[in-house]
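Undergrad: This is the content of work03.csv (CSV, C-alpha atoms and all ligand atoms):
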chain,number,residue,atom,x,y,z
A,222,MET,CA,49.1,40.4,84.6
A,223,THR,CA,50.7,38.4,87.4
A,224,ARG,CA,53.2,35.7,86.6
A,225,GLU,CA,50.6,33.1,87.5
A,226,GLN,CA,48.3,34.4,84.8
A,227,VAL,CA,51.1,34.6,82.2
A,228,CYS,CA,52.2,31.1,83.1
A,229,LYS,CA,48.6,29.8,82.8
A,230,ASP,CA,48.2,31.4,79.3
A,231,ASN,CA,51.5,30.1,78.0
A,232,PHE,CA,51.1,26.7,79.5
A,233,GLU,CA,47.7,26.1,78.1
A,234,THR,CA,48.7,27.4,74.6
A,235,LEU,CA,51.8,25.1,74.6
A,236,PHE,CA,50.4,21.9,76.1
A,237,LYS,CA,46.8,22.2,75.2
A,238,SER,CA,45.7,21.2,78.7
A,239,GLN,CA,44.5,23.2,81.7
A,240,TRP,CA,47.2,24.6,84.0
A,241,ASN,CA,46.7,23.2,87.5
A,242,PRO,CA,49.8,23.5,89.7
A,243,ASN,CA,48.2,21.5,92.5
A,244,VAL,CA,48.1,18.1,90.8
A,245,GLY,CA,50.6,15.2,90.9
A,246,ASN,CA,52.8,13.9,93.6
A,247,ASP,CA,55.1,17.0,93.7
A,248,PRO,CA,52.9,20.0,93.2
A,249,GLU,CA,55.4,22.3,94.9
A,250,MET,CA,58.2,21.7,92.4
A,251,MET,CA,55.9,21.9,89.4
A,252,SER,CA,54.5,25.2,90.7
A,253,ILE,CA,58.0,26.7,91.1
A,254,LEU,CA,59.3,25.6,87.7
A,255,GLN,CA,56.2,26.3,85.7
A,256,LYS,CA,55.8,29.9,87.0
A,257,TYR,CA,59.5,30.5,86.5
A,258,ILE,CA,59.6,29.1,82.9
A,259,PHE,CA,56.2,30.0,81.4
A,260,GLY,CA,55.4,33.0,83.6
A,261,GLU,CA,58.8,34.7,83.5
A,262,VAL,CA,61.4,33.3,81.1
A,263,PHE,CA,58.9,33.4,78.3
A,264,THR,CA,58.4,37.1,78.7
A,265,ILE,CA,62.1,38.0,78.4
A,266,GLY,CA,63.0,39.2,74.9
A,267,GLU,CA,61.0,39.1,71.6
A,268,LEU,CA,61.4,35.5,70.5
A,269,ASP,CA,58.2,33.8,69.4
A,270,ASN,CA,56.9,30.7,71.2
A,271,LYS,CA,57.9,28.4,68.3
A,272,THR,CA,61.5,29.6,68.5
A,273,ARG,CA,61.5,29.2,72.2
A,274,GLU,CA,60.2,25.7,72.0
A,275,MET,CA,62.8,24.9,69.3
A,276,LEU,CA,65.5,26.0,71.7
A,277,THR,CA,64.0,24.0,74.5
A,278,VAL,CA,63.8,20.8,72.5
A,279,THR,CA,67.4,21.3,71.5
A,280,THR,CA,68.7,21.7,75.1
A,281,LEU,CA,66.6,18.6,76.1
A,282,VAL,CA,68.1,16.5,73.2
A,283,VAL,CA,71.6,17.5,74.3
A,284,GLN,CA,70.7,16.5,77.9
A,285,GLN,CA,68.9,13.3,76.9
A,286,THR,CA,66.0,14.0,79.2
A,287,MET,CA,63.5,12.0,77.4
A,288,PRO,CA,60.2,12.5,79.3
A,289,GLN,CA,60.6,16.3,79.1
A,290,LEU,CA,61.7,16.0,75.4
A,291,LYS,CA,58.5,14.1,74.6
A,292,ALA,CA,56.4,16.8,76.2
A,293,HIS,CA,58.2,19.6,74.5
A,294,ILE,CA,58.2,18.0,71.0
A,295,ASN,CA,54.4,18.0,71.5
A,296,ALA,CA,54.5,21.7,72.6
A,297,LEU,CA,56.7,22.6,69.6
A,298,LEU,CA,54.1,21.0,67.2
A,299,ASN,CA,51.4,22.9,69.1
A,300,THR,CA,53.1,26.2,68.3
A,301,GLY,CA,52.6,25.4,64.7
A,302,ALA,CA,55.9,23.9,63.8
A,303,THR,CA,55.7,21.3,61.0
A,304,PRO,CA,56.9,17.7,61.6
A,305,ASN,CA,59.7,18.5,59.2
A,306,GLU,CA,60.9,21.5,61.3
A,307,VAL,CA,60.8,19.4,64.4
A,308,ARG,CA,63.0,16.8,62.7
A,309,GLU,CA,65.4,19.4,61.5
A,310,VAL,CA,65.8,20.8,65.1
A,311,ILE,CA,66.8,17.3,66.2
A,312,TYR,CA,69.0,16.4,63.2
A,313,GLN,CA,70.9,19.7,63.6
A,314,CYS,CA,72.2,18.3,67.0
A,315,ALA,CA,74.0,15.4,65.4
A,316,PRO,CA,77.3,17.0,64.3
A,317,PHE,CA,77.6,18.5,67.8
A,318,ILE,CA,76.5,15.8,70.1
A,319,GLY,CA,77.2,12.7,68.0
A,320,PHE,CA,74.8,10.2,66.4
A,321,PRO,CA,73.9,7.8,69.3
A,322,LYS,CA,72.2,10.6,71.4
A,323,THR,CA,70.6,12.1,68.3
A,324,LEU,CA,69.2,8.6,67.4
A,325,ASN,CA,67.7,8.4,71.0
A,326,ALA,CA,66.0,11.7,70.4
A,327,ILE,CA,64.7,10.6,67.0
A,328,GLU,CA,63.1,7.6,68.5
A,329,VAL,CA,61.2,9.8,71.0
A,330,MET,CA,60.2,12.1,68.1
A,331,ASN,CA,58.9,9.3,66.0
A,332,GLU,CA,56.8,8.0,68.9
A,333,VAL,CA,55.2,11.4,69.2
A,334,PHE,CA,54.7,11.5,65.4
A,335,ALA,CA,53.0,8.1,65.5
A,336,GLN,CA,50.7,9.2,68.4
A,337,ARG,CA,49.7,12.2,66.3
A,338,ASN,CA,49.2,10.0,63.2
A,339,ILE,CA,52.0,11.7,61.3
A,340,GLN,CA,53.1,9.4,58.5
A,341,LEU,CA,56.7,8.2,58.5
A,342,PRO,CA,59.2,8.5,57.1
A,343,LEU,CA,58.9,12.2,56.4
A,344,LYS,CA,59.8,13.5,52.9
A,345,ASN,CA,63.4,13.7,52.0
A,346,SER,CA,64.8,17.2,52.9
A,347,ALA,CA,68.4,16.8,51.6
A,348,VAL,CA,69.4,19.2,48.9
A,349,THR,CA,73.0,18.2,48.3
A,350,ASN,CA,74.4,15.2,46.6
A,351,GLU,CA,77.7,13.2,46.6
A,352,LYS,CA,79.2,15.7,44.1
A,353,ASN,CA,78.3,19.0,45.6
A,354,ARG,CA,78.0,18.5,49.4
A,355,TYR,CA,81.5,19.9,50.0
A,356,GLU,CA,81.0,23.1,48.0
A,357,LYS,CA,77.4,23.6,49.3
A,358,GLY,CA,78.7,23.2,52.8
A,359,LEU,CA,81.5,25.7,52.3
A,360,GLU,CA,79.0,28.2,50.9
A,361,ILE,CA,77.4,28.3,54.3
A,362,GLN,CA,80.6,27.8,56.4
A,363,LYS,CA,83.0,30.3,54.8
A,364,PRO,CA,81.0,33.5,55.2
A,365,LEU,CA,80.3,32.7,58.9
A,366,TYR,CA,83.6,31.0,60.0
A,367,GLY,CA,86.2,31.5,57.3
A,368,ASP,CA,89.2,29.1,57.6
A,369,GLU,CA,89.0,29.1,61.5
A,370,ILE,CA,88.8,25.4,61.8
A,371,LYS,CA,91.3,24.5,59.1
A,372,ASP,CA,93.9,26.9,60.6
A,373,SER,CA,93.3,25.6,64.1
A,374,LEU,CA,94.0,22.0,63.0
A,375,MET,CA,97.3,22.6,61.1
A,376,GLY,CA,100.3,20.8,62.2
A,377,LEU,CA,98.8,17.4,63.0
A,378,PRO,CA,100.6,14.2,61.7
A,379,ASP,CA,100.1,13.3,58.0
A,380,ASN,CA,98.1,16.6,57.5
A,381,VAL,CA,95.1,14.8,59.1
A,382,GLY,CA,93.9,18.3,60.0
A,383,ASP,CA,93.0,19.0,56.4
A,384,ARG,CA,91.0,15.8,56.2
A,385,VAL,CA,89.1,16.5,59.4
A,386,ALA,CA,88.4,20.1,58.4
A,387,ARG,CA,87.0,18.8,55.1
A,388,LEU,CA,84.8,16.2,56.9
A,389,LEU,CA,83.5,19.0,59.1
A,390,SER,CA,82.6,21.1,56.0
A,391,GLU,CA,81.0,18.0,54.3
A,392,VAL,CA,79.1,16.6,57.2
A,393,CYS,CA,78.2,19.4,59.6
A,394,PHE,CA,77.7,22.1,56.9
A,395,GLY,CA,77.1,20.0,53.7
A,396,ASP,CA,74.9,17.3,55.1
A,397,PHE,CA,73.1,19.1,57.9
A,398,TYR,CA,73.1,23.0,57.6
A,399,THR,CA,72.1,22.8,53.9
A,400,ARG,CA,68.9,20.8,54.6
A,401,GLU,CA,65.4,22.2,53.9
A,402,GLY,CA,63.1,23.1,56.7
A,403,LEU,CA,65.0,25.6,58.8
A,404,ASP,CA,66.7,28.8,57.7
A,405,LEU,CA,70.3,29.6,58.6
A,406,LYS,CA,69.5,32.1,61.3
A,407,THR,CA,67.3,29.6,63.1
A,408,ARG,CA,69.9,26.8,62.8
A,409,GLU,CA,72.6,29.1,64.2
A,410,LEU,CA,70.4,30.1,67.2
A,411,LEU,CA,69.8,26.4,67.9
A,412,VAL,CA,73.5,25.6,67.8
A,413,LEU,CA,73.9,28.2,70.5
A,414,ALA,CA,71.5,26.2,72.7
A,415,ILE,CA,73.6,23.1,72.1
A,416,LEU,CA,76.8,24.8,73.1
A,417,ILE,CA,75.3,26.6,76.1
A,418,THR,CA,74.0,23.2,77.3
A,419,ASP,CA,77.5,21.6,76.7
A,420,GLY,CA,79.1,24.4,78.7
A,421,ALA,CA,81.4,25.1,75.7
A,422,GLU,CA,83.5,28.2,75.7
A,423,ASN,CA,85.7,28.7,72.6
A,424,THR,CA,83.1,27.1,70.3
A,425,LEU,CA,80.4,29.2,71.9
A,426,LYS,CA,82.4,32.3,71.2
A,427,SER,CA,82.8,31.6,67.6
A,428,HIS,CA,79.1,30.7,67.2
A,429,ILE,CA,78.0,33.9,68.8
A,430,LYS,CA,80.0,35.7,66.1
A,431,GLY,CA,78.4,33.3,63.6
A,432,ASN,CA,74.9,34.2,64.9
A,433,LEU,CA,75.5,37.9,64.4
A,434,LYS,CA,76.8,37.3,60.9
A,435,ALA,CA,73.8,35.0,60.1
A,436,GLY,CA,71.5,38.0,61.0
A,437,ASN,CA,70.5,37.3,64.6
A,438,THR,CA,70.3,40.4,66.7
A,439,LYS,CA,72.2,40.8,70.1
A,440,GLU,CA,68.8,40.8,71.7
A,441,ASP,CA,67.7,37.5,70.2
A,442,ILE,CA,71.0,35.9,71.1
A,443,VAL,CA,70.6,37.0,74.8
A,444,SER,CA,67.0,35.8,74.8
A,445,ALA,CA,68.0,32.4,73.4
A,446,ILE,CA,70.6,32.1,76.2
A,447,ILE,CA,68.0,33.0,78.8
A,448,GLN,CA,65.5,30.6,77.3
A,449,CYS,CA,67.9,27.8,78.1
A,450,MET,CA,68.4,29.0,81.7
A,451,PRO,CA,65.8,26.9,83.5
A,452,TYR,CA,67.0,23.8,81.7
A,453,VAL,CA,70.7,24.2,82.2
A,454,GLY,CA,70.8,26.2,85.5
A,455,PHE,CA,72.2,29.6,86.3
A,456,SER,CA,75.9,28.7,86.3
A,457,LYS,CA,76.0,27.7,82.6
A,458,THR,CA,73.8,30.6,81.7
A,459,PHE,CA,76.1,33.1,83.4
A,460,LYS,CA,79.0,31.5,81.6
A,461,ALA,CA,77.3,32.0,78.2
A,462,LEU,CA,76.3,35.6,79.1
A,463,TYR,CA,80.0,36.4,80.0
A,464,VAL,CA,81.2,34.9,76.7
A,465,PHE,CA,78.5,37.0,74.9
A,466,LYS,CA,79.7,40.2,76.7
A,467,ASP,CA,83.2,39.3,75.8
A,468,VAL,CA,82.4,38.8,72.1
A,469,VAL,CA,80.3,41.9,71.5
A,470,GLY,CA,83.0,43.9,73.2
A,471,GLU,CA,80.9,46.2,75.3
A,472,PRO,CA,83.2,48.5,77.3
A,473,ASN,CA,83.9,47.2,80.8
A,474,MET,CA,81.4,48.6,83.3
A,475,GLN,CA,83.0,47.3,86.5
A,476,GLN,CA,82.9,50.2,88.8
A,477,PRO,CA,84.8,50.8,92.1
A,478,PHE,CA,81.7,52.4,93.6
A,479,SER,CA,78.1,51.0,93.7
A,480,GLN,CA,75.6,52.6,91.3
A,481,GLY,CA,73.1,53.7,93.9
A,482,GLU,CA,69.5,54.5,93.2
A,483,ILE,CA,67.6,56.0,90.2
A,484,ASN,CA,68.8,59.6,90.0
A,485,PRO,CA,66.4,61.9,92.0
A,486,TYR,CA,67.4,64.7,89.6
A,487,GLY,CA,66.2,62.6,86.6
A,488,LYS,CA,64.0,65.4,85.3
A,489,TYR,CA,67.2,67.3,84.2
A,490,PHE,CA,68.5,64.2,82.3
A,491,THR,CA,67.5,62.3,79.2
A,492,GLY,CA,67.3,58.5,79.6
A,493,THR,CA,68.0,56.5,82.8
A,494,THR,CA,70.8,57.5,85.2
A,495,ARG,CA,71.7,56.4,88.7
A,496,LEU,CA,73.3,58.4,91.5
A,497,ASN,CA,75.2,57.3,94.6
A,498,MET,CA,76.2,60.3,96.7
A,499,LEU,CA,79.7,59.5,98.2
A,500,VAL,CA,80.3,62.9,99.9
A,501,GLN,CA,77.4,65.2,100.8
A,502,ARG,CA,77.6,69.0,100.6
A,503,ASP,CA,79.3,70.3,103.7
A,504,ASP,CA,81.4,73.2,105.0
A,505,MET,CA,84.5,71.3,105.9
A,506,TRP,CA,85.7,70.0,102.5
A,507,ASN,CA,83.6,72.4,100.3
A,508,SER,CA,82.9,69.7,97.9
A,509,SER,CA,80.0,67.4,96.9
A,510,ILE,CA,81.0,64.0,95.3
A,511,GLY,CA,78.7,61.5,93.6
A,512,ASN,CA,79.0,58.5,91.4
A,513,VAL,CA,76.7,58.9,88.3
A,514,THR,CA,76.0,55.9,86.0
A,515,PHE,CA,74.3,56.5,82.6
A,516,GLU,CA,72.5,53.9,80.5
A,517,LYS,CA,73.3,53.9,76.8
A,518,GLY,CA,72.3,57.2,75.2
A,519,ALA,CA,71.5,58.8,78.6
A,520,ARG,CA,72.8,62.3,79.2
A,521,THR,CA,72.4,65.5,81.3
A,522,ASN,CA,70.5,68.5,80.0
A,523,TRP,CA,72.7,71.5,79.1
A,524,HIS,CA,73.7,73.2,82.4
A,525,LYS,CA,76.3,75.2,84.2
A,526,HIS,CA,77.9,75.1,87.7
A,527,SER,CA,78.6,78.5,89.3
A,528,GLY,CA,81.5,76.9,91.3
A,529,GLY,CA,82.8,74.5,88.5
A,530,GLN,CA,82.9,70.7,88.4
A,531,ILE,CA,85.5,68.0,88.0
A,532,LEU,CA,84.5,64.6,86.4
A,533,LEU,CA,86.6,61.4,87.0
A,534,VAL,CA,85.6,58.8,84.4
A,535,THR,CA,85.5,55.3,85.9
A,536,ALA,CA,83.8,53.0,83.4
A,537,GLY,CA,82.3,52.7,79.9
A,538,GLU,CA,82.4,55.2,77.1
A,539,GLY,CA,80.9,58.7,77.4
A,540,ARG,CA,80.6,62.1,75.8
A,541,TYR,CA,81.3,65.7,77.0
A,542,GLN,CA,80.6,68.9,75.2
A,543,GLU,CA,81.0,72.6,76.0
A,544,LYS,CA,78.6,74.9,74.2
A,545,GLY,CA,80.0,75.9,70.8
A,546,LYS,CA,82.8,73.3,70.9
A,547,GLU,CA,83.2,69.7,69.5
A,548,ILE,CA,81.9,66.7,71.4
A,549,GLN,CA,84.7,64.8,73.3
A,550,ILE,CA,84.8,61.1,73.8
A,551,LEU,CA,85.5,60.0,77.4
A,552,LYS,CA,87.0,56.7,78.5
A,553,ALA,CA,87.8,55.3,82.0
A,554,GLY,CA,90.7,57.2,83.5
A,555,ASP,CA,89.9,60.6,81.8
A,556,VAL,CA,89.6,63.7,83.9
A,557,VAL,CA,87.4,66.6,82.8
A,558,LYS,CA,87.8,70.0,84.5
A,559,ILE,CA,84.7,72.2,83.9
A,560,PRO,CA,85.3,75.9,84.7
A,561,LYS,CA,82.7,78.0,86.5
A,562,ASP,CA,79.7,79.1,84.4
A,563,VAL,CA,80.6,77.2,81.2
A,564,ILE,CA,77.5,75.7,79.6
A,565,HIS,CA,78.0,72.0,78.9
A,566,TRP,CA,76.5,68.5,79.0
A,567,HIS,CA,77.9,65.0,79.8
A,568,GLY,CA,76.6,61.5,79.3
A,569,ALA,CA,76.9,58.0,77.8
A,570,ALA,CA,77.9,57.1,74.2
A,571,PRO,CA,74.8,55.9,72.2
A,572,TYR,CA,76.0,52.3,72.4
A,573,SER,CA,77.7,52.1,75.8
A,574,GLN,CA,76.9,52.6,79.4
A,575,PHE,CA,79.1,55.2,81.2
A,576,ALA,CA,80.0,56.2,84.7
A,577,HIS,CA,81.8,59.1,86.2
A,578,ILE,CA,82.5,60.5,89.6
A,579,SER,CA,81.2,64.1,89.7
A,580,ILE,CA,83.0,66.5,92.1
A,581,GLU,CA,81.3,69.8,92.6
A,582,THR,CA,83.9,72.3,93.8
A,583,ASN,CA,83.8,75.6,95.7
A,584,ILE,CA,80.7,74.7,97.8
A,585,PRO,CA,78.7,76.4,99.2
A,586,ASP,CA,78.9,79.0,96.4
A,587,ASN,CA,78.3,76.4,93.7
A,588,ASN,CA,74.8,76.2,92.2
A,589,THR,CA,73.8,74.3,89.2
A,590,THR,CA,71.6,76.0,86.6
A,591,TRP,CA,69.7,73.5,84.5
A,592,LEU,CA,68.8,74.4,80.9
A,593,GLU,CA,67.1,72.6,77.9
A,594,PRO,CA,67.7,68.9,77.1
A,595,VAL,CA,70.4,67.9,74.7
A,596,SER,CA,68.4,67.1,71.5
A,597,ASP,CA,68.9,63.9,69.5
A,598,VAL,CA,70.4,66.1,66.7
A,599,GLU,CA,72.9,67.8,69.1
A,600,TYR,CA,73.7,64.4,70.7
A,601,LYS,CA,74.5,62.5,67.4
B,701,MN,MN,78.1,69.2,84.8
Could you render the structure from this file as structure tokens?
TA:
Amino acid sequence: MTREQVCKDNFETLFKSQWNPNVGNDPEMMSILQKYIFGEVFTIGELDNKTREMLTVTTLVVQQTMPQLKAHINALLNTGATPNEVREVIYQCAPFIGFPKTLNAIEVMNEVFAQRNIQLPLKNSAVTNEKNRYEKGLEIQKPLYGDEIKDSLMGLPDNVGDRVARLLSEVCFGDFYTREGLDLKTRELLVLAILITDGAENTLKSHIKGNLKAGNTKEDIVSAIIQCMPYVGFSKTFKALYVFKDVVGEPNMQQPFSQGEINPYGKYFTGTTRLNMLVQRDDMWNSSIGNVTFEKGARTNWHKHSGGQILLVTAGEGRYQEKGKEIQILKAGDVVKIPKDVIHWHGAAPYSQFAHISIETNIPDNNTTWLEPVSDVEYK
């Protein structure tokens, strides 16, 4: 399907009206943004349309862009969200953006509800009372965030930090997070959209950790960040992705040499690898040098070099094994000297990309003999 077709399908499902990019006074802008959002961003990751629209409504509430908010509250209802779920999406913004902006959004929401003949006020969704709101709030806050906030506020005059930390537990977690209508995973994902839109950094960092603890996968977190991209722009999106990379602690993949193209010798490898030849085989230096980049889990087949090989590890985490010996872990800065005719394999760790410079020595009398793939059992 072309992106126009995907856009048309998604647009018509969400807005219950026919997609026609040629109407209105600015058809060019509408065509660019609609194909980008509904034809491309909606296809990245595995989030369902309801979650995507919840994230969209959240970022629009934070930005106070009311005409768009109105359209997307309708779209969210069209994905099957209940009025109560819509209300919770907007209520959840209050502790992060303050009450005035939240009240503006509630006004728009109630207009939409009135147009759709939804009776107001909605049923009460509070589950805490004056006696237990602190404890109930802590029950959610503690497993995700521990004493982070309390500790960070220590040392203020009159121990006001303790009082503020308690208010955060009571209001943010006790009054809002506990409410019926959205589960904790969803609330946490929506909070990410708030913080991405705000351009927050430290708070975003701790809520990415909170999301993982609440059960959201890395893939869902990245999709949520990308779902916000058309609404907040590339700069804030990149910032959020950098914070994400920092939090999940993937080894640094910054390489001094470019990765080059998909490896033309790919049939002798498992998974995706890229090759950038830095020095071709020749009869002056008697060496052939290439930069090889491995995706997570990618590796060579078993093989041997009749003239030997030297590996200089430049990035990520990798593996090296000689037949009959233990697997070795490789990190940037490691040097592996592989003698002539020793059967071996090299590649990435299961959870990390990896790159090394491969130096084939003693050319022209160095030929590679490729053997069987490294099975999943041998690789683990
Ligand atoms: Mn080799």
Undergrad: What is the distance between atom CA of Thr491 of chain A and atom CA of Arg520 of chain A, in Å to one decimal?
TA: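 So the answer is 5.3 Å.
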Undergrad: Which residues sit within 12 Å of ligand MN 701 (chain B), counting all atoms listed in the file, listed as a PyMOL selection string?
TA: chain A and resi 489-490+511+513+520-533+540-543+557-568+577-582+587-592
Undergrad: Would you mind listing what lies within 7 Å of segment 234-242 of chain A as a PyMOL selection string, with all atoms listed in the file counted and same-chain residues fewer than 2 positions away left out?
TA: chain A and resi 229-232+244+248+251-252+296+299-300
Undergrad: Once you have the residues from the selection above, write them out as a tab-separated table (two decimals), in the coordinates of the input, restricted to C-alpha atoms.
TA:
chain	number	residue	atom	x	y	z
A	229	LYS	CA	48.60	29.80	82.80
A	230	ASP	CA	48.20	31.40	79.30
A	231	ASN	CA	51.50	30.10	78.00
A	232	PHE	CA	51.10	26.70	79.50
A	244	VAL	CA	48.10	18.10	90.80
A	248	PRO	CA	52.90	20.00	93.20
A	251	MET	CA	55.90	21.90	89.40
A	252	SER	CA	54.50	25.20	90.70
A	296	ALA	CA	54.50	21.70	72.60
A	299	ASN	CA	51.40	22.90	69.10
A	300	THR	CA	53.10	26.20	68.30
Undergrad: List as a list in words the protein and nucleic acid residues near segment 379-390 of chain A, meaning an atom at most 8 Å away when only C-alpha atoms are counted, but skip any in the same chain fewer than 4 places from it.
TA: Tyr355, Gly358, Leu359, Gln362, Ile370, Lys371, Leu374, Met375, Phe394 and Gly395 of chain A
Undergrad: Please measure the separation of atom CA of Leu462 of chain A and atom CA of Gly367 of chain A, giving the value in Å to one decimal.
TA: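 The value is 24.3 Å.
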Undergrad: Skip segment 265-272 of chain A itself and residues of its chain fewer than 2 positions away, then list as a PyMOL selection string all residues within 7 Å of it, counting all atoms listed in the file.
TA: chain A and resi 261-263+274-276+297+300+302+440-441+444
Undergrad: In Å, with one decimal, what is the gap from atom CA of Thr494 of chain A to atom CA of Ser509 of chain A?
TA: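 One can read the atom CA of Thr494 of chain A to atom CA of Ser509 of chain A distance as 17.9 Å.
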Undergrad: Between A:Thr279, A:Ser573, A:Thr264, A:Thr535, single out the one closest to Phe317 of chain A, counting only C-alpha atoms.
TA: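 Selected residue with least distance to Phe317 of chain A: A:Thr279.
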Undergrad: A:Pro472, A:Pro304, A:Lys426, A:Gln289: which is nearest Asn338 of chain A, counting only C-alpha atoms?
TA: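 Using only C-alpha atoms, Asn338 of chain A sits closest to A:Pro304.
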Undergrad: With all atoms listed in the file as the basis for distance, which of A:Asp419, A:Glu233, A:Asp586, A:Glu482 is at the shortest distance from Val283 of chain A?
TA: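 Ranking A:Asp419, A:Glu233, A:Asp586, A:Glu482 by distance to Val283 of chain A, first place goes to A:Asp419.
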Undergrad: Point out the residue among A:Asn331, A:Gln285, A:Asn437, A:Asn423 with the least atom-to-atom distance to Cys314 of chain A, counting only C-alpha atoms.
TA: A:Gln285
